[in-house]
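Engineer: Take this structure, written in structure tokens, and hold onto it; I'll ask about it next.
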Number of protein chains: 2
Amino acid sequence: MPQPPADLLQGTLDVLVLKTLTWGPRHGYAIARWLEDTSGEALRIEEGSLYPALYRMERKGWITADWGLSDLGRKAKFYRLTSAGRTRLRQEIAAGRRLVGVVGHILEAAG
Amino acid sequence: MPQPPADLLQGTLDVLVLKTLTWGPRHGYAIARWLEDTSGEALRIEEGSLYPALYRMERKGWITADWGLSDLGRKAKFYRLTSAGRTRLRQEIAAGRRLVGVVGHILEAAG
DNA sequence: TAGTATTACCTAGACACTCTAGGTAAGGAC
DNA sequence: GTCCTTACCTAGAGTGTCTAGGTAATACTA
């Protein structure tokens, strides 16, 4: 059974990755590092979740990939947001906000 | 493929059900009705998700069930929060708040 | 220079959760 | 007598995450 905070990602991985790419192209490993650093280590991005997610989103046309060289001169696959990806990101953020609003409203009610 | 807002529940069903039960014992059908009404129809609680969830949480000791009669005099299974369930609810709310904070912080950043 | 750590990618299999799409049964309305 | 609503239940598919491996090249360190 997955334990918090490990499985707290529940459906937020895609949107986090898309958001990361709004800062410019990045390779998978860098995406994970950036998210973990930016969250103050609150988020753990498992490679077994990340790479399948990248592949999935590429298939869906939200991102595209090109091989290149990382800062350290190693070969790495750089992902870039497509315009479909940008649209999707906006939609997911809006939907997420709605959900947080609705769920929050129920959970904050005095019990 | 599941469509929004249908799959927006993503892992929030348990906490919503537990929260519903803080108002007192309720049967499954009533839980679904209450959540849908309270959310202004924004939430759709599918029975194929709800009943397995109730069974799961009962097995985990977060809720207990007793057969009784509904308002309309029909037989219905009433679920009640256990103290383990109350603890779990608090934990899930706290974890959810943390996640919303972390993810929100990343998503709100100017891209 | 041998061993270890880090960077960087990938995959198979297990597990959990939700949904679709059925089904049962009983009471109420028309 | 038929249909709607209430109320419960389950099988199977789909999706997403995790664990736990693996590859390969570079960098550090002893």
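Residues are referred to by chain and number: the chain letter is A, B, ... according to the order shown in the structure tokens, the number counts from 1 in that chain, and ligands are numbered separately from 1 in the order shown.
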For A:Gly61, please output as an NGL selection string all residues within 12 Å (counting only C-alpha atoms (C1' of nucleotides); exclusion window: fewer than 5 positions along the same chain).
Structural biologist: :A and (18 or 54-56 or 79-88)
Engineer: Quick one: contact table of chain D to chain B, 12 Å max, nearest atom pair and distance in Å to one decimal per residue, counting only C-alpha atoms (C1' of nucleotides), chain and number order, as a tab-separated table?
Structural biologist:
residue	atom	partner	partner_atom	distance
D:DT5	C1'	B:Leu72	CA	11.0
D:DT6	C1'	B:Arg74	CA	7.8
D:DA7	C1'	B:Ala76	CA	6.4
D:DC8	C1'	B:Ala76	CA	7.8
D:DC9	C1'	B:Tyr51	CA	7.6
D:DT10	C1'	B:Gly48	CA	8.5
D:DA11	C1'	B:Gly48	CA	10.6
D:DG12	C1'	B:Gly48	CA	11.8
D:DA13	C1'	B:Met1	CA	10.3
D:DG14	C1'	B:Met1	CA	7.0
D:DT15	C1'	B:Met1	CA	8.1
D:DG16	C1'	B:Gln10	CA	10.2
Engineer: With N, CA and C atoms (P, O5', C5', C4', C3', O3' and C1' of nucleotides) retained, write the just-selected residues as a PDB file, in the first residue's frame.
Structural biologist:
ATOM      1  P    DT D   5     -37.070   8.878 -11.711  1.00  0.00           P
ATOM      2  O5'  DT D   5     -36.885   8.361 -10.215  1.00  0.00           O
ATOM      3  C5'  DT D   5     -37.926   8.591  -9.278  1.00  0.00           C
ATOM      4  C4'  DT D   5     -37.672   7.787  -8.018  1.00  0.00           C
ATOM      5  C3'  DT D   5     -36.246   7.910  -7.467  1.00  0.00           C
ATOM      6  O3'  DT D   5     -36.336   8.444  -6.156  1.00  0.00           O
ATOM      7  C1'  DT D   5     -36.967   5.643  -7.495  1.00  0.00           C
ATOM      8  P    DT D   6     -35.065   8.845  -5.318  1.00  0.00           P
ATOM      9  O5'  DT D   6     -34.838   7.535  -4.430  1.00  0.00           O
ATOM     10  C5'  DT D   6     -35.777   7.239  -3.406  1.00  0.00           C
ATOM     11  C4'  DT D   6     -35.527   5.849  -2.837  1.00  0.00           C
ATOM     12  C3'  DT D   6     -34.178   5.662  -2.131  1.00  0.00           C
ATOM     13  O3'  DT D   6     -34.428   5.121  -0.856  1.00  0.00           O
ATOM     14  C1'  DT D   6     -34.580   3.900  -3.655  1.00  0.00           C
ATOM     15  P    DA D   7     -33.406   5.288   0.322  1.00  0.00           P
ATOM     16  O5'  DA D   7     -32.299   4.188  -0.026  1.00  0.00           O
ATOM     17  C5'  DA D   7     -32.452   2.860   0.484  1.00  0.00           C
ATOM     18  C4'  DA D   7     -31.580   1.877  -0.240  1.00  0.00           C
ATOM     19  C3'  DA D   7     -30.075   2.163  -0.337  1.00  0.00           C
ATOM     20  O3'  DA D   7     -29.400   1.636   0.802  1.00  0.00           O
ATOM     21  C1'  DA D   7     -30.971   0.918  -2.185  1.00  0.00           C
ATOM     22  P    DC D   8     -27.809   1.652   0.857  1.00  0.00           P
ATOM     23  O5'  DC D   8     -27.407   0.325   0.082  1.00  0.00           O
ATOM     24  C5'  DC D   8     -27.803  -0.928   0.630  1.00  0.00           C
ATOM     25  C4'  DC D   8     -27.529  -2.026  -0.368  1.00  0.00           C
ATOM     26  C3'  DC D   8     -26.045  -2.235  -0.675  1.00  0.00           C
ATOM     27  O3'  DC D   8     -25.531  -3.305   0.119  1.00  0.00           O
ATOM     28  C1'  DC D   8     -27.459  -2.438  -2.619  1.00  0.00           C
ATOM     29  P    DC D   9     -23.976  -3.578   0.108  1.00  0.00           P
ATOM     30  O5'  DC D   9     -23.721  -4.306  -1.288  1.00  0.00           O
ATOM     31  C5'  DC D   9     -24.356  -5.542  -1.564  1.00  0.00           C
ATOM     32  C4'  DC D   9     -24.002  -5.962  -2.973  1.00  0.00           C
ATOM     33  C3'  DC D   9     -22.495  -5.947  -3.254  1.00  0.00           C
ATOM     34  O3'  DC D   9     -22.005  -7.282  -3.162  1.00  0.00           O
ATOM     35  C1'  DC D   9     -23.814  -5.147  -5.107  1.00  0.00           C
ATOM     36  P    DT D  10     -20.429  -7.545  -3.379  1.00  0.00           P
ATOM     37  O5'  DT D  10     -20.272  -7.728  -4.948  1.00  0.00           O
ATOM     38  C5'  DT D  10     -21.167  -8.552  -5.649  1.00  0.00           C
ATOM     39  C4'  DT D  10     -20.705  -8.625  -7.084  1.00  0.00           C
ATOM     40  C3'  DT D  10     -19.187  -8.678  -7.251  1.00  0.00           C
ATOM     41  O3'  DT D  10     -18.884  -9.736  -8.140  1.00  0.00           O
ATOM     42  C1'  DT D  10     -20.104  -6.907  -8.543  1.00  0.00           C
ATOM     43  P    DA D  11     -17.409 -10.243  -8.287  1.00  0.00           P
ATOM     44  O5'  DA D  11     -17.247 -10.119  -9.866  1.00  0.00           O
ATOM     45  C5'  DA D  11     -18.332 -10.507 -10.717  1.00  0.00           C
ATOM     46  C4'  DA D  11     -18.004 -10.097 -12.134  1.00  0.00           C
ATOM     47  C3'  DA D  11     -16.537 -10.270 -12.520  1.00  0.00           C
ATOM     48  O3'  DA D  11     -16.483 -10.684 -13.881  1.00  0.00           O
ATOM     49  C1'  DA D  11     -17.121  -7.976 -12.642  1.00  0.00           C
ATOM     50  P    DG D  12     -15.089 -11.111 -14.528  1.00  0.00           P
ATOM     51  O5'  DG D  12     -14.700  -9.796 -15.348  1.00  0.00           O
ATOM     52  C5'  DG D  12     -15.620  -9.270 -16.294  1.00  0.00           C
ATOM     53  C4'  DG D  12     -15.052  -8.000 -16.876  1.00  0.00           C
ATOM     54  C3'  DG D  12     -13.549  -8.061 -17.176  1.00  0.00           C
ATOM     55  O3'  DG D  12     -13.335  -7.600 -18.509  1.00  0.00           O
ATOM     56  C1'  DG D  12     -14.034  -6.194 -15.789  1.00  0.00           C
ATOM     57  P    DA D  13     -11.886  -7.539 -19.133  1.00  0.00           P
ATOM     58  O5'  DA D  13     -11.730  -5.972 -19.365  1.00  0.00           O
ATOM     59  C5'  DA D  13     -12.828  -5.237 -19.912  1.00  0.00           C
ATOM     60  C4'  DA D  13     -12.545  -3.753 -19.821  1.00  0.00           C
ATOM     61  C3'  DA D  13     -11.135  -3.363 -20.243  1.00  0.00           C
ATOM     62  O3'  DA D  13     -11.217  -2.246 -21.116  1.00  0.00           O
ATOM     63  C1'  DA D  13     -11.579  -2.559 -18.042  1.00  0.00           C
ATOM     64  P    DG D  14      -9.919  -1.749 -21.922  1.00  0.00           P
ATOM     65  O5'  DG D  14      -9.556  -0.434 -21.104  1.00  0.00           O
ATOM     66  C5'  DG D  14     -10.565   0.533 -20.841  1.00  0.00           C
ATOM     67  C4'  DG D  14     -10.007   1.562 -19.894  1.00  0.00           C
ATOM     68  C3'  DG D  14      -8.563   1.974 -20.215  1.00  0.00           C
ATOM     69  O3'  DG D  14      -8.548   3.379 -20.413  1.00  0.00           O
ATOM     70  C1'  DG D  14      -8.808   1.410 -17.909  1.00  0.00           C
ATOM     71  P    DT D  15      -7.183   4.094 -20.922  1.00  0.00           P
ATOM     72  O5'  DT D  15      -6.612   4.696 -19.569  1.00  0.00           O
ATOM     73  C5'  DT D  15      -7.499   5.351 -18.673  1.00  0.00           C
ATOM     74  C4'  DT D  15      -6.768   5.656 -17.392  1.00  0.00           C
ATOM     75  C3'  DT D  15      -5.309   6.090 -17.591  1.00  0.00           C
ATOM     76  O3'  DT D  15      -5.162   7.391 -17.055  1.00  0.00           O
ATOM     77  C1'  DT D  15      -5.506   4.449 -15.871  1.00  0.00           C
ATOM     78  P    DG D  16      -3.779   8.182 -17.246  1.00  0.00           P
ATOM     79  O5'  DG D  16      -3.115   7.964 -15.827  1.00  0.00           O
ATOM     80  C5'  DG D  16      -3.868   8.298 -14.671  1.00  0.00           C
ATOM     81  C4'  DG D  16      -3.061   7.918 -13.454  1.00  0.00           C
ATOM     82  C3'  DG D  16      -1.580   8.279 -13.561  1.00  0.00           C
ATOM     83  O3'  DG D  16      -1.210   8.989 -12.389  1.00  0.00           O
ATOM     84  C1'  DG D  16      -1.847   5.983 -13.004  1.00  0.00           C
TER      85       DG D  16
END
Engineer: Would you please give, as a PyMOL selection string, all residues of chain B that DSSP assigns to strand (DSSP E) based on the backbone?
Structural biologist: chain B and resi 26-27+63-69+75-81
Engineer: Keeping N, CA and C atoms, export the residues of the selection given above as a PDB file, in the first residue's frame.
Structural biologist:
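After the write, again02.pdb holds the following:
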ATOM      1  N   ARG B  26     -25.027   7.366   8.153  1.00  0.00           N
ATOM      2  CA  ARG B  26     -25.774   7.496   6.897  1.00  0.00           C
ATOM      3  C   ARG B  26     -25.584   6.225   6.095  1.00  0.00           C
ATOM      4  N   HIS B  27     -26.556   5.910   5.261  1.00  0.00           N
ATOM      5  CA  HIS B  27     -26.375   4.770   4.363  1.00  0.00           C
ATOM      6  C   HIS B  27     -25.787   5.247   3.041  1.00  0.00           C
ATOM      7  N   ILE B  63     -14.765   2.725   9.343  1.00  0.00           N
ATOM      8  CA  ILE B  63     -16.215   2.824   9.498  1.00  0.00           C
ATOM      9  C   ILE B  63     -16.773   1.451   9.876  1.00  0.00           C
ATOM     10  N   THR B  64     -17.975   1.449  10.463  1.00  0.00           N
ATOM     11  CA  THR B  64     -18.671   0.189  10.725  1.00  0.00           C
ATOM     12  C   THR B  64     -20.076   0.308  10.164  1.00  0.00           C
ATOM     13  N   ALA B  65     -20.687  -0.848   9.907  1.00  0.00           N
ATOM     14  CA  ALA B  65     -21.995  -0.847   9.248  1.00  0.00           C
ATOM     15  C   ALA B  65     -23.018  -1.633  10.048  1.00  0.00           C
ATOM     16  N   ASP B  66     -24.246  -1.151  10.018  1.00  0.00           N
ATOM     17  CA  ASP B  66     -25.384  -1.887  10.590  1.00  0.00           C
ATOM     18  C   ASP B  66     -26.574  -1.719   9.667  1.00  0.00           C
ATOM     19  N   TRP B  67     -27.310  -2.800   9.488  1.00  0.00           N
ATOM     20  CA  TRP B  67     -28.517  -2.717   8.680  1.00  0.00           C
ATOM     21  C   TRP B  67     -29.619  -2.024   9.476  1.00  0.00           C
ATOM     22  N   GLY B  68     -30.378  -1.219   8.763  1.00  0.00           N
ATOM     23  CA  GLY B  68     -31.477  -0.518   9.401  1.00  0.00           C
ATOM     24  C   GLY B  68     -32.506  -0.138   8.366  1.00  0.00           C
ATOM     25  N   LEU B  69     -33.324   0.849   8.704  1.00  0.00           N
ATOM     26  CA  LEU B  69     -34.360   1.288   7.758  1.00  0.00           C
ATOM     27  C   LEU B  69     -34.142   2.758   7.407  1.00  0.00           C
ATOM     28  N   LYS B  75     -34.890  -1.123   3.630  1.00  0.00           N
ATOM     29  CA  LYS B  75     -33.680  -1.606   4.299  1.00  0.00           C
ATOM     30  C   LYS B  75     -32.456  -0.944   3.683  1.00  0.00           C
ATOM     31  N   ALA B  76     -31.543  -0.565   4.570  1.00  0.00           N
ATOM     32  CA  ALA B  76     -30.365   0.176   4.130  1.00  0.00           C
ATOM     33  C   ALA B  76     -29.239  -0.064   5.134  1.00  0.00           C
ATOM     34  N   LYS B  77     -28.026   0.002   4.644  1.00  0.00           N
ATOM     35  CA  LYS B  77     -26.867  -0.263   5.488  1.00  0.00           C
ATOM     36  C   LYS B  77     -26.307   1.063   5.974  1.00  0.00           C
ATOM     37  N   PHE B  78     -26.383   1.280   7.264  1.00  0.00           N
ATOM     38  CA  PHE B  78     -25.928   2.542   7.834  1.00  0.00           C
ATOM     39  C   PHE B  78     -24.472   2.448   8.258  1.00  0.00           C
ATOM     40  N   TYR B  79     -23.690   3.408   7.817  1.00  0.00           N
ATOM     41  CA  TYR B  79     -22.272   3.454   8.152  1.00  0.00           C
ATOM     42  C   TYR B  79     -22.027   4.516   9.206  1.00  0.00           C
ATOM     43  N   ARG B  80     -21.086   4.196  10.093  1.00  0.00           N
ATOM     44  CA  ARG B  80     -20.767   5.079  11.220  1.00  0.00           C
ATOM     45  C   ARG B  80     -19.247   5.204  11.321  1.00  0.00           C
ATOM     46  N   LEU B  81     -18.762   6.386  11.593  1.00  0.00           N
ATOM     47  CA  LEU B  81     -17.334   6.615  11.775  1.00  0.00           C
ATOM     48  C   LEU B  81     -16.842   5.913  13.031  1.00  0.00           C
TER      49      LEU B  81
END
Engineer: Using only C-alpha atoms, what does the table of chain B residues within 9 Å of chain A look like, with each row giving the shortest atom pair and its distance in Å to one decimal, sorted by chain and ascending number, as a tab-separated table?
Structural biologist:
residue	atom	partner	partner_atom	distance
B:Pro4	CA	A:Ala95	CA	7.9
B:Pro5	CA	A:Ala95	CA	7.6
B:Leu8	CA	A:Leu99	CA	6.8
B:Leu9	CA	A:Leu99	CA	8.0
B:Gln10	CA	A:Gln10	CA	6.4
B:Gly11	CA	A:Gln10	CA	6.7
B:Thr12	CA	A:Val103	CA	8.0
B:Val15	CA	A:Leu107	CA	8.3
B:Leu16	CA	A:Leu107	CA	7.3
B:Lys19	CA	A:Leu107	CA	6.5
B:Thr20	CA	A:Ile106	CA	8.5
B:Thr22	CA	A:Gly111	CA	5.7
B:Trp23	CA	A:Gly111	CA	6.2
B:Leu35	CA	A:Ile106	CA	8.3
B:Thr38	CA	A:Ile106	CA	7.4
B:Ser39	CA	A:Val102	CA	6.0
B:Gly40	CA	A:Val102	CA	8.7
B:Ala42	CA	A:Val102	CA	7.4
B:Leu43	CA	A:Val102	CA	8.1
B:Ile93	CA	A:Leu107	CA	7.6
B:Ala95	CA	A:Pro5	CA	7.5
B:Gly96	CA	A:Leu8	CA	7.8
B:Arg98	CA	A:Ala42	CA	8.8
B:Leu99	CA	A:Leu8	CA	6.8
B:Val100	CA	A:Val100	CA	7.9
B:Val102	CA	A:Ser39	CA	6.0
B:Val103	CA	A:Leu16	CA	7.5
B:His105	CA	A:Ser39	CA	8.2
B:Ile106	CA	A:Thr38	CA	7.4
B:Leu107	CA	A:Lys19	CA	6.5
B:Gly111	CA	A:Thr22	CA	5.6
Engineer: Give me the least-squares superposed chain A (reference chain B; all C-alpha atoms paired in order) as a PDB file with C-alpha atoms, in the first residue's frame.
Structural biologist:
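Result saved to superposed_27.pdb:
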ATOM      1  CA  MET A   1     -10.601   7.533 -20.922  1.00  0.00           C
ATOM      2  CA  PRO A   2     -12.307   9.142 -17.949  1.00  0.00           C
ATOM      3  CA  GLN A   3     -13.415  12.715 -18.463  1.00  0.00           C
ATOM      4  CA  PRO A   4     -13.466  15.653 -16.066  1.00  0.00           C
ATOM      5  CA  PRO A   5     -15.177  16.272 -13.805  1.00  0.00           C
ATOM      6  CA  ALA A   6     -15.902  12.576 -13.485  1.00  0.00           C
ATOM      7  CA  ASP A   7     -12.402  11.538 -12.542  1.00  0.00           C
ATOM      8  CA  LEU A   8     -11.629  14.630 -10.538  1.00  0.00           C
ATOM      9  CA  LEU A   9     -12.378  12.608  -7.458  1.00  0.00           C
ATOM     10  CA  GLN A  10      -8.913  11.069  -7.755  1.00  0.00           C
ATOM     11  CA  GLY A  11      -8.335   9.908  -4.244  1.00  0.00           C
ATOM     12  CA  THR A  12     -10.724  12.314  -2.569  1.00  0.00           C
ATOM     13  CA  LEU A  13     -13.645   9.934  -2.322  1.00  0.00           C
ATOM     14  CA  ASP A  14     -12.556   8.389   0.959  1.00  0.00           C
ATOM     15  CA  VAL A  15     -12.090  11.680   2.713  1.00  0.00           C
ATOM     16  CA  LEU A  16     -15.401  12.995   1.414  1.00  0.00           C
ATOM     17  CA  VAL A  17     -17.252   9.936   2.660  1.00  0.00           C
ATOM     18  CA  LEU A  18     -15.552  10.096   6.047  1.00  0.00           C
ATOM     19  CA  LYS A  19     -16.419  13.765   6.325  1.00  0.00           C
ATOM     20  CA  THR A  20     -20.033  13.065   5.441  1.00  0.00           C
ATOM     21  CA  LEU A  21     -20.230  10.607   8.298  1.00  0.00           C
ATOM     22  CA  THR A  22     -19.110  13.207  10.838  1.00  0.00           C
ATOM     23  CA  TRP A  23     -22.713  14.489  10.651  1.00  0.00           C
ATOM     24  CA  GLY A  24     -23.908  11.135  11.883  1.00  0.00           C
ATOM     25  CA  PRO A  25     -24.571   7.659  10.475  1.00  0.00           C
ATOM     26  CA  ARG A  26     -25.775   7.485   6.912  1.00  0.00           C
ATOM     27  CA  HIS A  27     -26.379   4.757   4.359  1.00  0.00           C
ATOM     28  CA  GLY A  28     -24.510   4.595   1.063  1.00  0.00           C
ATOM     29  CA  TYR A  29     -27.198   6.014  -1.108  1.00  0.00           C
ATOM     30  CA  ALA A  30     -27.708   8.928   1.266  1.00  0.00           C
ATOM     31  CA  ILE A  31     -23.971   9.643   1.328  1.00  0.00           C
ATOM     32  CA  ALA A  32     -23.945   9.963  -2.443  1.00  0.00           C
ATOM     33  CA  ARG A  33     -27.038  12.174  -2.456  1.00  0.00           C
ATOM     34  CA  TRP A  34     -25.649  14.393   0.280  1.00  0.00           C
ATOM     35  CA  LEU A  35     -22.306  14.883  -1.436  1.00  0.00           C
ATOM     36  CA  GLU A  36     -23.898  15.640  -4.765  1.00  0.00           C
ATOM     37  CA  ASP A  37     -26.376  18.072  -3.249  1.00  0.00           C
ATOM     38  CA  THR A  38     -23.817  19.781  -1.041  1.00  0.00           C
ATOM     39  CA  SER A  39     -21.421  20.227  -3.940  1.00  0.00           C
ATOM     40  CA  GLY A  40     -24.161  21.755  -6.048  1.00  0.00           C
ATOM     41  CA  GLU A  41     -24.038  18.773  -8.385  1.00  0.00           C
ATOM     42  CA  ALA A  42     -20.344  19.432  -9.060  1.00  0.00           C
ATOM     43  CA  LEU A  43     -19.527  15.990  -7.691  1.00  0.00           C
ATOM     44  CA  ARG A  44     -20.884  12.805  -9.223  1.00  0.00           C
ATOM     45  CA  ILE A  45     -20.552   9.887  -6.856  1.00  0.00           C
ATOM     46  CA  GLU A  46     -20.683   6.719  -8.947  1.00  0.00           C
ATOM     47  CA  GLU A  47     -22.094   3.724  -7.154  1.00  0.00           C
ATOM     48  CA  GLY A  48     -19.394   1.588  -8.704  1.00  0.00           C
ATOM     49  CA  SER A  49     -16.871   3.712  -6.836  1.00  0.00           C
ATOM     50  CA  LEU A  50     -18.845   4.329  -3.673  1.00  0.00           C
ATOM     51  CA  TYR A  51     -19.748   0.807  -2.594  1.00  0.00           C
ATOM     52  CA  PRO A  52     -16.271  -0.615  -3.096  1.00  0.00           C
ATOM     53  CA  ALA A  53     -14.931   2.391  -1.174  1.00  0.00           C
ATOM     54  CA  LEU A  54     -17.322   1.748   1.711  1.00  0.00           C
ATOM     55  CA  TYR A  55     -16.356  -1.909   1.785  1.00  0.00           C
ATOM     56  CA  ARG A  56     -12.664  -0.998   1.730  1.00  0.00           C
ATOM     57  CA  MET A  57     -12.967   1.495   4.553  1.00  0.00           C
ATOM     58  CA  GLU A  58     -15.004  -0.915   6.624  1.00  0.00           C
ATOM     59  CA  ARG A  59     -12.260  -3.512   6.187  1.00  0.00           C
ATOM     60  CA  LYS A  60      -9.705  -0.974   7.286  1.00  0.00           C
ATOM     61  CA  GLY A  61     -11.733  -0.224  10.382  1.00  0.00           C
ATOM     62  CA  TRP A  62     -12.490   3.400   9.575  1.00  0.00           C
ATOM     63  CA  ILE A  63     -16.237   2.815   9.497  1.00  0.00           C
ATOM     64  CA  THR A  64     -18.682   0.180  10.709  1.00  0.00           C
ATOM     65  CA  ALA A  65     -21.988  -0.851   9.230  1.00  0.00           C
ATOM     66  CA  ASP A  66     -25.398  -1.880  10.572  1.00  0.00           C
ATOM     67  CA  TRP A  67     -28.525  -2.709   8.685  1.00  0.00           C
ATOM     68  CA  GLY A  68     -31.483  -0.496   9.422  1.00  0.00           C
ATOM     69  CA  LEU A  69     -34.364   1.325   7.798  1.00  0.00           C
ATOM     70  CA  SER A  70     -34.058   4.470   5.722  1.00  0.00           C
ATOM     71  CA  ASP A  71     -36.358   7.492   6.038  1.00  0.00           C
ATOM     72  CA  LEU A  72     -38.598   5.846   3.500  1.00  0.00           C
ATOM     73  CA  GLY A  73     -38.729   2.627   5.464  1.00  0.00           C
ATOM     74  CA  ARG A  74     -36.479   0.627   3.168  1.00  0.00           C
ATOM     75  CA  LYS A  75     -33.683  -1.575   4.319  1.00  0.00           C
ATOM     76  CA  ALA A  76     -30.370   0.192   4.150  1.00  0.00           C
ATOM     77  CA  LYS A  77     -26.871  -0.268   5.497  1.00  0.00           C
ATOM     78  CA  PHE A  78     -25.924   2.537   7.843  1.00  0.00           C
ATOM     79  CA  TYR A  79     -22.270   3.450   8.149  1.00  0.00           C
ATOM     80  CA  ARG A  80     -20.783   5.082  11.208  1.00  0.00           C
ATOM     81  CA  LEU A  81     -17.342   6.608  11.781  1.00  0.00           C
ATOM     82  CA  THR A  82     -15.044   4.736  14.142  1.00  0.00           C
ATOM     83  CA  SER A  83     -12.439   6.563  16.154  1.00  0.00           C
ATOM     84  CA  ALA A  84      -9.816   5.192  13.769  1.00  0.00           C
ATOM     85  CA  GLY A  85     -11.888   6.735  10.981  1.00  0.00           C
ATOM     86  CA  ARG A  86     -11.907  10.081  12.745  1.00  0.00           C
ATOM     87  CA  THR A  87      -8.145   9.963  13.078  1.00  0.00           C
ATOM     88  CA  ARG A  88      -7.774   8.996   9.473  1.00  0.00           C
ATOM     89  CA  LEU A  89     -10.013  11.841   8.386  1.00  0.00           C
ATOM     90  CA  ARG A  90      -7.886  14.349  10.271  1.00  0.00           C
ATOM     91  CA  GLN A  91      -4.733  12.918   8.711  1.00  0.00           C
ATOM     92  CA  GLU A  92      -6.146  12.995   5.209  1.00  0.00           C
ATOM     93  CA  ILE A  93      -7.319  16.557   5.580  1.00  0.00           C
ATOM     94  CA  ALA A  94      -3.902  17.616   6.844  1.00  0.00           C
ATOM     95  CA  ALA A  95      -2.110  15.757   4.054  1.00  0.00           C
ATOM     96  CA  GLY A  96      -4.483  17.211   1.495  1.00  0.00           C
ATOM     97  CA  ARG A  97      -3.868  20.713   2.739  1.00  0.00           C
ATOM     98  CA  ARG A  98      -0.118  20.193   2.495  1.00  0.00           C
ATOM     99  CA  LEU A  99      -0.438  18.865  -1.043  1.00  0.00           C
ATOM    100  CA  VAL A 100      -2.679  21.699  -2.142  1.00  0.00           C
ATOM    101  CA  GLY A 101      -0.190  24.126  -0.658  1.00  0.00           C
ATOM    102  CA  VAL A 102       2.815  22.626  -2.364  1.00  0.00           C
ATOM    103  CA  VAL A 103       1.154  22.048  -5.729  1.00  0.00           C
ATOM    104  CA  GLY A 104      -0.617  25.379  -5.570  1.00  0.00           C
ATOM    105  CA  HIS A 105       2.645  27.165  -4.919  1.00  0.00           C
ATOM    106  CA  ILE A 106       4.187  25.628  -8.016  1.00  0.00           C
ATOM    107  CA  LEU A 107       1.176  26.200 -10.228  1.00  0.00           C
ATOM    108  CA  GLU A 108       0.587  29.798  -9.183  1.00  0.00           C
ATOM    109  CA  ALA A 109       4.152  30.789 -10.012  1.00  0.00           C
ATOM    110  CA  ALA A 110       4.234  33.142 -12.984  1.00  0.00           C
ATOM    111  CA  GLY A 111       5.135  31.177 -16.098  1.00  0.00           C
TER     112      GLY A 111
END
Engineer: Dump as JSON lines the rows for residues of chain C within 8 Å of chain A: closest atom pair and distance in Å with one decimal, only C-alpha atoms (C1' of nucleotides) counted, ordered by chain and rising residue number.
Structural biologist:
{"residue": "C:DT7", "atom": "C1'", "partner": "A:Arg74", "partner_atom": "CA", "distance": 7.8}
{"residue": "C:DA8", "atom": "C1'", "partner": "A:Ala76", "partner_atom": "CA", "distance": 6.4}
{"residue": "C:DC9", "atom": "C1'", "partner": "A:Ala76", "partner_atom": "CA", "distance": 7.8}
{"residue": "C:DC10", "atom": "C1'", "partner": "A:Tyr51", "partner_atom": "CA", "distance": 7.7}
{"residue": "C:DC15", "atom": "C1'", "partner": "A:Met1", "partner_atom": "CA", "distance": 7.4}
{"residue": "C:DA16", "atom": "C1'", "partner": "A:Met1", "partner_atom": "CA", "distance": 7.9}
Engineer: Next, the residues of the selection above should be written as a tab-separated table (two decimals), in the first residue's frame with N, CA and C atoms (P, O5', C5', C4', C3', O3' and C1' of nucleotides).
Structural biologist:
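out_21.tsv, freshly written:
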chain	number	residue	atom	x	y	z
C	7	DT	P	23.60	14.28	-9.53
C	7	DT	O5'	23.47	13.92	-11.07
C	7	DT	C5'	24.41	14.44	-11.99
C	7	DT	C4'	24.26	13.78	-13.34
C	7	DT	C3'	22.90	13.99	-14.02
C	7	DT	O3'	23.13	14.46	-15.33
C	7	DT	C1'	23.51	11.72	-14.07
C	8	DA	P	22.06	15.26	-16.14
C	8	DA	O5'	21.10	14.10	-16.65
C	8	DA	C5'	21.35	13.50	-17.93
C	8	DA	C4'	20.61	12.20	-18.10
C	8	DA	C3'	19.10	12.18	-17.90
C	8	DA	O3'	18.45	12.50	-19.13
C	8	DA	C1'	20.20	10.12	-17.33
C	9	DC	P	16.85	12.37	-19.24
C	9	DC	O5'	16.64	10.82	-19.56
C	9	DC	C5'	17.14	10.31	-20.79
C	9	DC	C4'	17.03	8.80	-20.80
C	9	DC	C3'	15.60	8.28	-20.76
C	9	DC	O3'	15.18	7.96	-22.09
C	9	DC	C1'	17.09	6.98	-19.41
C	10	DC	P	13.67	7.59	-22.39
C	10	DC	O5'	13.53	6.08	-21.88
C	10	DC	C5'	14.36	5.07	-22.45
C	10	DC	C4'	14.09	3.78	-21.70
C	10	DC	C3'	12.62	3.44	-21.53
C	10	DC	O3'	12.26	2.47	-22.51
C	10	DC	C1'	13.91	2.91	-19.58
C	15	DC	P	0.63	-7.39	-5.51
C	15	DC	O5'	-0.04	-5.95	-5.39
C	15	DC	C5'	0.77	-4.84	-5.03
C	15	DC	C4'	-0.05	-3.58	-5.16
C	15	DC	C3'	-1.51	-3.73	-4.72
C	15	DC	O3'	-1.72	-2.80	-3.69
C	15	DC	C1'	-1.34	-2.58	-6.79
C	16	DA	P	-3.11	-2.86	-2.86
C	16	DA	O5'	-3.79	-1.49	-3.31
C	16	DA	C5'	-2.99	-0.33	-3.36
C	16	DA	C4'	-3.77	0.76	-4.04
C	16	DA	C3'	-5.25	0.79	-3.66
C	16	DA	O3'	-5.56	2.09	-3.22
C	16	DA	C1'	-4.98	0.75	-6.03
Engineer: Write out as a VMD selection string all residues of chain A that DSSP puts in helix (DSSP H, G or I) for this structure's backbone.
Structural biologist: chain A and resid 6 to 9 13 to 21 28 to 38 47 to 59 83 to 108
